[in-house]
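What follows is coords-v7.txt (compact mmCIF, C-alpha atoms).
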```txt
# COMPACT_ATOMS: atom_id res chain seq x y z
CA LYS Y 1 -5.98 3.41 17.61
CA GLN Y 2 -3.06 2.19 15.51
CA GLU Y 3 -1.70 5.06 13.42
CA VAL Y 4 1.22 5.72 11.11
CA THR Y 5 2.40 9.29 10.64
CA GLN Y 6 4.82 10.62 8.07
CA ILE Y 7 6.56 13.96 8.39
CA PRO Y 8 7.05 16.13 6.41
CA ALA Y 9 4.04 15.84 4.10
CA ALA Y 10 6.03 17.45 1.28
CA LEU Y 11 9.69 18.17 0.69
CA SER Y 12 11.58 19.97 -2.06
CA VAL Y 13 15.38 19.70 -2.24
CA PRO Y 14 18.11 20.50 -4.76
CA GLU Y 15 19.75 17.64 -6.61
CA GLY Y 16 22.64 15.99 -4.77
CA GLU Y 17 21.34 16.61 -1.28
CA ASN Y 18 21.11 13.82 1.30
CA LEU Y 19 17.72 13.63 2.94
CA VAL Y 20 15.76 11.81 5.64
CA LEU Y 21 12.09 10.88 5.57
CA ASN Y 22 10.37 10.04 8.84
CA CYS Y 23 7.73 7.50 9.75
CA SER Y 24 6.29 7.07 13.25
CA PHE Y 25 3.82 4.50 14.53
CA THR Y 26 1.88 4.06 17.75
CA ASP Y 27 1.69 0.27 18.03
CA SER Y 28 4.82 -1.47 19.36
CA ALA Y 29 3.56 -4.93 18.30
CA ILE Y 30 5.14 -4.48 14.92
CA TYR Y 31 6.13 -7.45 12.76
CA ASN Y 32 7.83 -5.56 9.96
CA LEU Y 33 7.94 -2.18 8.27
CA GLN Y 34 8.01 -1.62 4.53
CA TRP Y 35 8.93 1.50 2.54
CA PHE Y 36 7.42 2.17 -0.89
CA ARG Y 37 7.57 4.81 -3.58
CA GLN Y 38 4.59 5.80 -5.68
CA ASP Y 39 4.86 7.72 -8.92
CA PRO Y 40 1.83 9.78 -10.04
CA GLY Y 41 -0.93 7.56 -11.40
CA LYS Y 42 1.02 4.38 -10.65
CA GLY Y 43 0.94 1.55 -8.16
CA LEU Y 44 3.38 1.19 -5.26
CA THR Y 45 6.94 -0.02 -5.73
CA SER Y 46 8.57 -1.77 -2.80
CA LEU Y 47 11.87 -0.21 -1.72
CA LEU Y 48 12.89 -1.88 1.54
CA LEU Y 49 11.44 -4.26 4.10
CA ILE Y 50 12.73 -4.28 7.69
CA GLN Y 51 11.82 -7.19 9.93
CA SER Y 52 11.17 -6.39 13.61
CA SER Y 53 14.37 -8.22 14.57
CA GLN Y 54 16.45 -5.98 12.28
CA ARG Y 55 17.71 -2.46 12.84
CA GLU Y 56 18.27 -1.40 9.24
CA GLN Y 57 18.27 -2.38 5.58
CA THR Y 58 20.21 -0.92 2.67
CA SER Y 59 19.65 -0.91 -1.07
CA GLY Y 60 21.87 1.25 -3.24
CA ARG Y 61 21.46 4.87 -2.16
CA LEU Y 62 18.65 4.00 0.24
CA ASN Y 63 18.97 3.08 3.89
CA ALA Y 64 16.03 2.41 6.18
CA SER Y 65 16.25 2.07 9.95
CA LEU Y 66 13.77 0.84 12.52
CA ASP Y 67 13.58 1.72 16.22
CA LYS Y 68 10.69 -0.18 17.77
CA SER Y 69 11.18 1.28 21.24
CA SER Y 70 10.60 4.83 20.00
CA GLY Y 71 8.09 3.82 17.30
CA ARG Y 72 10.10 5.32 14.46
CA SER Y 73 11.55 4.44 11.10
CA THR Y 74 13.62 6.65 8.85
CA LEU Y 75 14.40 6.40 5.15
CA TYR Y 76 17.71 7.97 4.19
CA ILE Y 77 18.29 8.87 0.54
CA ALA Y 78 21.87 9.70 -0.39
CA ALA Y 79 22.82 12.03 -3.23
CA SER Y 80 19.25 12.66 -4.35
CA GLN Y 81 18.43 12.78 -8.07
CA PRO Y 82 15.46 14.22 -10.02
CA GLY Y 83 14.38 10.62 -10.70
CA ASP Y 84 13.82 10.18 -6.96
CA SER Y 85 10.85 12.58 -7.16
CA ALA Y 86 7.80 10.61 -6.02
CA THR Y 87 5.62 10.02 -2.97
CA TYR Y 88 7.25 7.83 -0.34
CA LEU Y 89 4.99 5.71 1.87
CA CYS Y 90 5.76 3.60 4.90
CA ALA Y 91 3.56 0.77 6.13
CA ARG Y 92 3.85 -1.35 9.24
CA ALA Y 93 2.53 -4.87 9.70
CA THR Y 94 1.10 -6.10 12.98
CA SER Y 95 2.33 -9.32 14.53
CA GLY Y 96 -0.09 -12.18 14.04
CA THR Y 97 -2.34 -10.96 11.26
CA TYR Y 98 0.38 -9.24 9.17
CA LYS Y 99 -2.18 -6.50 8.51
CA TYR Y 100 -0.52 -3.40 7.04
CA ILE Y 101 -1.37 0.17 8.01
CA PHE Y 102 -0.02 2.91 5.76
CA GLY Y 103 1.09 6.44 6.47
CA THR Y 104 -0.17 9.32 4.33
CA GLY Y 105 3.18 9.68 2.57
CA THR Y 106 5.85 12.29 1.94
CA ARG Y 107 5.76 13.94 -1.48
CA LEU Y 108 9.38 14.49 -2.55
CA LYS Y 109 10.53 16.77 -5.34
CA VAL Y 110 14.22 16.84 -6.29
CA LEU Y 111 15.12 19.89 -8.33
CA ALA Y 112 17.67 19.64 -11.12
CA GLU O 113 8.55 -13.49 -12.52
CA ALA O 114 5.27 -11.86 -13.53
CA GLY O 115 3.95 -9.13 -11.24
CA VAL O 116 0.49 -8.59 -9.79
CA ALA O 117 -2.04 -8.09 -12.57
CA GLN O 118 -5.18 -6.00 -12.25
CA SER O 119 -8.01 -5.15 -14.61
CA PRO O 120 -9.53 -2.94 -15.72
CA ARG O 121 -7.09 -0.04 -15.35
CA TYR O 122 -9.80 2.60 -15.51
CA LYS O 123 -13.55 2.52 -14.96
CA ILE O 124 -16.17 5.25 -15.07
CA ILE O 125 -19.68 4.48 -13.83
CA GLU O 126 -22.80 6.30 -12.69
CA LYS O 127 -23.72 6.21 -8.99
CA ARG O 128 -25.87 3.23 -8.00
CA GLN O 129 -24.32 1.10 -10.76
CA SER O 130 -22.24 -1.99 -10.06
CA VAL O 131 -18.57 -2.57 -10.80
CA ALA O 132 -16.09 -5.41 -10.38
CA PHE O 133 -12.31 -5.45 -10.25
CA TRP O 134 -10.07 -8.44 -10.87
CA CYS O 135 -6.66 -9.27 -9.43
CA ASN O 136 -4.20 -12.05 -10.27
CA PRO O 137 -1.43 -12.26 -7.64
CA ILE O 138 2.14 -13.37 -8.05
CA SER O 139 2.34 -17.15 -8.31
CA GLY O 140 2.93 -18.79 -4.95
CA HIS O 141 1.81 -15.80 -2.88
CA ALA O 142 -0.67 -17.01 -0.28
CA THR O 143 -1.65 -13.57 1.00
CA LEU O 144 -3.71 -11.15 -1.10
CA TYR O 145 -4.72 -7.62 -0.11
CA TRP O 146 -7.24 -5.15 -1.53
CA TYR O 147 -6.68 -1.49 -0.70
CA GLN O 148 -8.61 1.70 -1.42
CA GLN O 149 -6.51 4.81 -2.03
CA ILE O 150 -8.23 8.18 -2.12
CA LEU O 151 -6.30 11.03 -3.72
CA GLY O 152 -3.70 12.46 -1.35
CA GLN O 153 -4.01 9.65 1.19
CA GLY O 154 -2.21 6.42 1.93
CA PRO O 155 -3.83 3.11 0.95
CA LYS O 156 -6.49 1.80 3.32
CA LEU O 157 -6.84 -1.96 3.71
CA LEU O 158 -10.27 -3.22 2.68
CA ILE O 159 -9.76 -6.97 2.91
CA GLN O 160 -6.91 -9.43 3.40
CA PHE O 161 -7.01 -13.07 2.31
CA GLN O 162 -4.69 -15.88 3.20
CA ASN O 163 -5.21 -18.59 0.60
CA ASN O 164 -9.01 -18.43 0.17
CA GLY O 165 -9.81 -17.47 3.78
CA VAL O 166 -10.45 -13.93 5.04
CA VAL O 167 -7.91 -12.69 7.62
CA ASP O 168 -9.25 -9.15 8.03
CA ASP O 169 -12.22 -7.33 6.51
CA SER O 170 -12.89 -4.91 9.34
CA GLN O 171 -12.79 -1.85 7.05
CA LEU O 172 -14.79 -3.32 4.17
CA PRO O 173 -18.21 -1.61 3.82
CA LYS O 174 -20.06 -4.88 3.70
CA ASP O 175 -23.40 -3.35 2.77
CA ARG O 176 -22.02 -2.53 -0.68
CA PHE O 177 -18.58 -4.15 -1.07
CA SER O 178 -17.87 -7.84 -1.45
CA ALA O 179 -14.76 -9.79 -2.32
CA GLU O 180 -13.85 -13.36 -3.02
CA ARG O 181 -10.69 -15.26 -3.77
CA LEU O 182 -11.24 -18.13 -6.15
CA LYS O 183 -9.38 -21.32 -5.23
CA GLY O 184 -6.84 -19.26 -3.31
CA VAL O 185 -5.51 -17.57 -6.45
CA ASP O 186 -7.41 -14.84 -8.38
CA SER O 187 -9.62 -12.39 -6.52
CA THR O 188 -12.58 -10.18 -7.42
CA LEU O 189 -13.72 -7.06 -5.56
CA LYS O 190 -17.26 -5.86 -6.26
CA ILE O 191 -19.11 -2.66 -5.41
CA GLN O 192 -22.92 -2.69 -5.61
CA PRO O 193 -24.32 -0.05 -5.64
CA ALA O 194 -21.55 2.50 -6.07
CA LYS O 195 -21.57 5.88 -4.34
CA LEU O 196 -19.77 9.09 -5.27
CA GLU O 197 -17.36 8.62 -2.34
CA ASP O 198 -16.18 5.31 -3.79
CA SER O 199 -14.18 7.23 -6.40
CA ALA O 200 -10.61 6.13 -5.69
CA VAL O 201 -7.81 3.88 -6.88
CA TYR O 202 -8.27 0.23 -5.92
CA LEU O 203 -4.96 -1.51 -5.38
CA CYS O 204 -4.29 -5.21 -5.13
CA ALA O 205 -1.15 -6.56 -3.49
CA SER O 206 0.20 -10.02 -2.75
CA SER O 207 2.93 -11.53 -0.61
CA ARG O 208 4.25 -14.76 0.78
CA VAL O 209 3.00 -15.08 4.35
CA ALA O 210 4.44 -12.25 6.47
CA ARG O 211 6.85 -11.20 3.72
CA GLU O 212 7.29 -8.25 1.34
CA GLN O 213 4.16 -6.94 -0.39
CA PHE O 214 4.08 -6.39 -4.14
CA PHE O 215 1.46 -4.17 -5.72
CA GLY O 216 -0.38 -4.18 -9.01
CA PRO O 217 -0.90 -1.02 -11.11
CA GLY O 218 -4.33 -0.33 -9.61
CA THR O 219 -7.79 0.43 -11.01
CA ARG O 220 -8.88 4.06 -11.07
CA LEU O 221 -12.65 4.25 -10.42
CA THR O 222 -14.64 7.39 -11.10
CA VAL O 223 -18.26 7.46 -9.92
CA LEU O 224 -20.37 10.21 -11.52
```

Full structure transcribed into structure tokens:
Amino acid sequence: KQEVTQIPAALSVPEGENLVLNCSFTDSAIYNLQWFRQDPGKGLTSLLLIQSSQREQTSGRLNASLDKSSGRSTLYIAASQPGDSATYLCARATSGTYKYIFGTGTRLKVLA
Amino acid sequence: EAGVAQSPRYKIIEKRQSVAFWCNPISGHATLYWYQQILGQGPKLLIQFQNNGVVDDSQLPKDRFSAERLKGVDSTLKIQPAKLEDSAVYLCASSRVAREQFFGPGTRLTVL
């Protein structure tokens, strides 16, 4: 069964801290992996997309890495801010169908 | 560029009633996805279209759910009859083939 797991389920950190969110998947036939944030009552906002041929992608204070051999992706957030508080979701797409399977998310709270 | 549009934003119905959701994807995006997101969980793919053909509908409860994509553009998801467990947020997303997904704001369905 193809699964995506995100640990921790919830995280609370003081403002300014650097943090890492983890995403692991069981299927190595991955085409790409996408990270999203979701604010309460809202849709998903795309943060970063990593193709299977890439090792990492960066956007501002965010850096996402992909290690297909170990079935892991990490999202690094530098100098966290209260505005970063949200649920972060990863989703991986399978080669061929480009069907996405989502993790259950990490609920992040950054304290001012 | 306009984003993914969905309507209605909220819907409350009695069990056994019917309901329909509408999605207009980003112009030029061949792939359209419908997801169901239950509170506290990650989105679950219900159906994936490429142009007006179905790529994957393995998790669509076909005895009560149906979906179509008109002329490869707009899409409608219907539930008939609704059950209490269908209460969820229904998310529509679109992408160019095998590229980054973009999500609409979602429709929150409450079945009483």

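Each of Y:Pro14, Y:Gly60, Y:Gly71, Y:Gly43 was compared to Leu89 (chain Y) using only C-alpha atoms, and Y:Gly43 turns out to be the nearest.
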
- Message: Quick one: residues within 7 Å of region 78-88 of chain Y, all atoms listed in the file, excluding same-chain residues fewer than 6 positions away - as a list in words?
- Response: Glu15, Gly16, Glu17, Asn18, Leu19, Phe36, Arg37, Gln38, Asp39, Arg61, Leu62, Gly105, Thr106, Arg107, Leu108, Lys109, Val110, Leu111 and Ala112 of chain Y

- When you get a sec, could you note down which chain O residues fall within 6 Å of chain Y, using all atoms listed in the file, as a VMD selection string? chain O and resid 153 to 154 210 215 to 218

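For the residues Y:Thr74, Y:Ser69, Y:Gln6, Y:Ser12, ranking by smallest atom-to-atom distance to Gln57 (chain Y) using all atoms listed in the file places Y:Thr74 first.
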
- Query: Excluding same-chain residues fewer than 3 positions from region 127-139 of chain O, what lies within 9 Å of it counting all atoms listed in the file, as an MDAnalysis selection string?
  - Reply: chainID O and resid 113:120 123 142:144 146 185:196 202:207 214:216 219 223:224

Print the selection's residues with C-alpha atoms to a file, as a PDB file, in the frame of the given file.
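And here is the file that came out, again_35.pdb:
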```pdb
ATOM      1  CA  GLU O 113       8.550 -13.490 -12.520  1.00  0.00           C
ATOM      2  CA  ALA O 114       5.270 -11.860 -13.530  1.00  0.00           C
ATOM      3  CA  GLY O 115       3.950  -9.130 -11.240  1.00  0.00           C
ATOM      4  CA  VAL O 116       0.490  -8.590  -9.790  1.00  0.00           C
ATOM      5  CA  ALA O 117      -2.040  -8.090 -12.570  1.00  0.00           C
ATOM      6  CA  GLN O 118      -5.180  -6.000 -12.250  1.00  0.00           C
ATOM      7  CA  SER O 119      -8.010  -5.150 -14.610  1.00  0.00           C
ATOM      8  CA  PRO O 120      -9.530  -2.940 -15.720  1.00  0.00           C
ATOM      9  CA  LYS O 123     -13.550   2.520 -14.960  1.00  0.00           C
ATOM     10  CA  ALA O 142      -0.670 -17.010  -0.280  1.00  0.00           C
ATOM     11  CA  THR O 143      -1.650 -13.570   1.000  1.00  0.00           C
ATOM     12  CA  LEU O 144      -3.710 -11.150  -1.100  1.00  0.00           C
ATOM     13  CA  TRP O 146      -7.240  -5.150  -1.530  1.00  0.00           C
ATOM     14  CA  VAL O 185      -5.510 -17.570  -6.450  1.00  0.00           C
ATOM     15  CA  ASP O 186      -7.410 -14.840  -8.380  1.00  0.00           C
ATOM     16  CA  SER O 187      -9.620 -12.390  -6.520  1.00  0.00           C
ATOM     17  CA  THR O 188     -12.580 -10.180  -7.420  1.00  0.00           C
ATOM     18  CA  LEU O 189     -13.720  -7.060  -5.560  1.00  0.00           C
ATOM     19  CA  LYS O 190     -17.260  -5.860  -6.260  1.00  0.00           C
ATOM     20  CA  ILE O 191     -19.110  -2.660  -5.410  1.00  0.00           C
ATOM     21  CA  GLN O 192     -22.920  -2.690  -5.610  1.00  0.00           C
ATOM     22  CA  PRO O 193     -24.320  -0.050  -5.640  1.00  0.00           C
ATOM     23  CA  ALA O 194     -21.550   2.500  -6.070  1.00  0.00           C
ATOM     24  CA  LYS O 195     -21.570   5.880  -4.340  1.00  0.00           C
ATOM     25  CA  LEU O 196     -19.770   9.090  -5.270  1.00  0.00           C
ATOM     26  CA  TYR O 202      -8.270   0.230  -5.920  1.00  0.00           C
ATOM     27  CA  LEU O 203      -4.960  -1.510  -5.380  1.00  0.00           C
ATOM     28  CA  CYS O 204      -4.290  -5.210  -5.130  1.00  0.00           C
ATOM     29  CA  ALA O 205      -1.150  -6.560  -3.490  1.00  0.00           C
ATOM     30  CA  SER O 206       0.200 -10.020  -2.750  1.00  0.00           C
ATOM     31  CA  SER O 207       2.930 -11.530  -0.610  1.00  0.00           C
ATOM     32  CA  PHE O 214       4.080  -6.390  -4.140  1.00  0.00           C
ATOM     33  CA  PHE O 215       1.460  -4.170  -5.720  1.00  0.00           C
ATOM     34  CA  GLY O 216      -0.380  -4.180  -9.010  1.00  0.00           C
ATOM     35  CA  THR O 219      -7.790   0.430 -11.010  1.00  0.00           C
ATOM     36  CA  VAL O 223     -18.260   7.460  -9.920  1.00  0.00           C
ATOM     37  CA  LEU O 224     -20.370  10.210 -11.520  1.00  0.00           C
TER      38      LEU O 224
END
```

- Message: Calculated over only C-alpha atoms, which of the candidates Y:Glu3, Y:Ser59, Y:Ala64, Y:Gln54 has the smallest distance to Ser28 (chain Y)?
- Response: Y:Glu3

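CA of Arg208 (chain O) sits 16.3 Å away from CA of Lys183 (chain O).
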
N, CA and C atoms are what I want for region 14-35 of chain Y; can you complete it accordingly and write them as a PDB file, keeping the file's coordinate frame?
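Here's the written file out-v6.pdb:
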```pdb
ATOM      1  N   PRO Y  14      17.296  20.447  -3.546  1.00  0.00           N
ATOM      2  CA  PRO Y  14      18.110  20.500  -4.760  1.00  0.00           C
ATOM      3  C   PRO Y  14      18.813  19.167  -4.991  1.00  0.00           C
ATOM      4  N   GLU Y  15      19.071  18.881  -6.242  1.00  0.00           N
ATOM      5  CA  GLU Y  15      19.750  17.640  -6.610  1.00  0.00           C
ATOM      6  C   GLU Y  15      21.080  17.502  -5.858  1.00  0.00           C
ATOM      7  N   GLY Y  16      21.371  16.259  -5.436  1.00  0.00           N
ATOM      8  CA  GLY Y  16      22.640  15.990  -4.770  1.00  0.00           C
ATOM      9  C   GLY Y  16      22.561  16.003  -3.257  1.00  0.00           C
ATOM     10  N   GLU Y  17      21.467  16.532  -2.730  1.00  0.00           N
ATOM     11  CA  GLU Y  17      21.340  16.610  -1.280  1.00  0.00           C
ATOM     12  C   GLU Y  17      20.987  15.259  -0.683  1.00  0.00           C
ATOM     13  N   ASN Y  18      21.517  14.997   0.526  1.00  0.00           N
ATOM     14  CA  ASN Y  18      21.110  13.820   1.300  1.00  0.00           C
ATOM     15  C   ASN Y  18      19.881  14.202   2.106  1.00  0.00           C
ATOM     16  N   LEU Y  19      18.923  13.272   2.224  1.00  0.00           N
ATOM     17  CA  LEU Y  19      17.720  13.630   2.940  1.00  0.00           C
ATOM     18  C   LEU Y  19      17.181  12.450   3.744  1.00  0.00           C
ATOM     19  N   VAL Y  20      16.342  12.802   4.734  1.00  0.00           N
ATOM     20  CA  VAL Y  20      15.760  11.810   5.640  1.00  0.00           C
ATOM     21  C   VAL Y  20      14.249  11.995   5.666  1.00  0.00           C
ATOM     22  N   LEU Y  21      13.544  10.891   5.462  1.00  0.00           N
ATOM     23  CA  LEU Y  21      12.090  10.880   5.570  1.00  0.00           C
ATOM     24  C   LEU Y  21      11.722  10.116   6.846  1.00  0.00           C
ATOM     25  N   ASN Y  22      10.728  10.607   7.554  1.00  0.00           N
ATOM     26  CA  ASN Y  22      10.370  10.040   8.840  1.00  0.00           C
ATOM     27  C   ASN Y  22       9.027   9.328   8.827  1.00  0.00           C
ATOM     28  N   CYS Y  23       8.951   8.284   9.610  1.00  0.00           N
ATOM     29  CA  CYS Y  23       7.730   7.500   9.750  1.00  0.00           C
ATOM     30  C   CYS Y  23       7.606   7.121  11.223  1.00  0.00           C
ATOM     31  N   SER Y  24       6.488   7.453  11.856  1.00  0.00           N
ATOM     32  CA  SER Y  24       6.290   7.070  13.250  1.00  0.00           C
ATOM     33  C   SER Y  24       5.001   6.290  13.391  1.00  0.00           C
ATOM     34  N   PHE Y  25       4.977   5.361  14.340  1.00  0.00           N
ATOM     35  CA  PHE Y  25       3.820   4.500  14.530  1.00  0.00           C
ATOM     36  C   PHE Y  25       3.553   4.338  16.018  1.00  0.00           C
ATOM     37  N   THR Y  26       2.278   4.064  16.341  1.00  0.00           N
ATOM     38  CA  THR Y  26       1.880   4.060  17.750  1.00  0.00           C
ATOM     39  C   THR Y  26       1.883   2.659  18.354  1.00  0.00           C
ATOM     40  N   ASP Y  27       1.823   1.633  17.515  1.00  0.00           N
ATOM     41  CA  ASP Y  27       1.690   0.270  18.030  1.00  0.00           C
ATOM     42  C   ASP Y  27       3.060  -0.409  18.069  1.00  0.00           C
ATOM     43  N   SER Y  28       3.495  -0.863  19.241  1.00  0.00           N
ATOM     44  CA  SER Y  28       4.820  -1.470  19.360  1.00  0.00           C
ATOM     45  C   SER Y  28       4.836  -2.938  18.926  1.00  0.00           C
ATOM     46  N   ALA Y  29       3.621  -3.525  18.731  1.00  0.00           N
ATOM     47  CA  ALA Y  29       3.560  -4.930  18.300  1.00  0.00           C
ATOM     48  C   ALA Y  29       3.740  -5.010  16.799  1.00  0.00           C
ATOM     49  N   ILE Y  30       4.886  -4.558  16.350  1.00  0.00           N
ATOM     50  CA  ILE Y  30       5.140  -4.480  14.920  1.00  0.00           C
ATOM     51  C   ILE Y  30       5.863  -5.745  14.466  1.00  0.00           C
ATOM     52  N   TYR Y  31       5.454  -6.276  13.306  1.00  0.00           N
ATOM     53  CA  TYR Y  31       6.130  -7.450  12.760  1.00  0.00           C
ATOM     54  C   TYR Y  31       7.203  -7.042  11.765  1.00  0.00           C
ATOM     55  N   ASN Y  32       6.843  -6.134  10.858  1.00  0.00           N
ATOM     56  CA  ASN Y  32       7.830  -5.560   9.960  1.00  0.00           C
ATOM     57  C   ASN Y  32       7.373  -4.196   9.469  1.00  0.00           C
ATOM     58  N   LEU Y  33       8.264  -3.480   8.811  1.00  0.00           N
ATOM     59  CA  LEU Y  33       7.940  -2.180   8.270  1.00  0.00           C
ATOM     60  C   LEU Y  33       8.473  -2.125   6.847  1.00  0.00           C
ATOM     61  N   GLN Y  34       7.641  -1.635   5.939  1.00  0.00           N
ATOM     62  CA  GLN Y  34       8.010  -1.620   4.530  1.00  0.00           C
ATOM     63  C   GLN Y  34       7.924  -0.190   4.000  1.00  0.00           C
ATOM     64  N   TRP Y  35       8.922   0.201   3.215  1.00  0.00           N
ATOM     65  CA  TRP Y  35       8.930   1.500   2.540  1.00  0.00           C
ATOM     66  C   TRP Y  35       8.625   1.298   1.062  1.00  0.00           C
TER      67      TRP Y  35
END
```
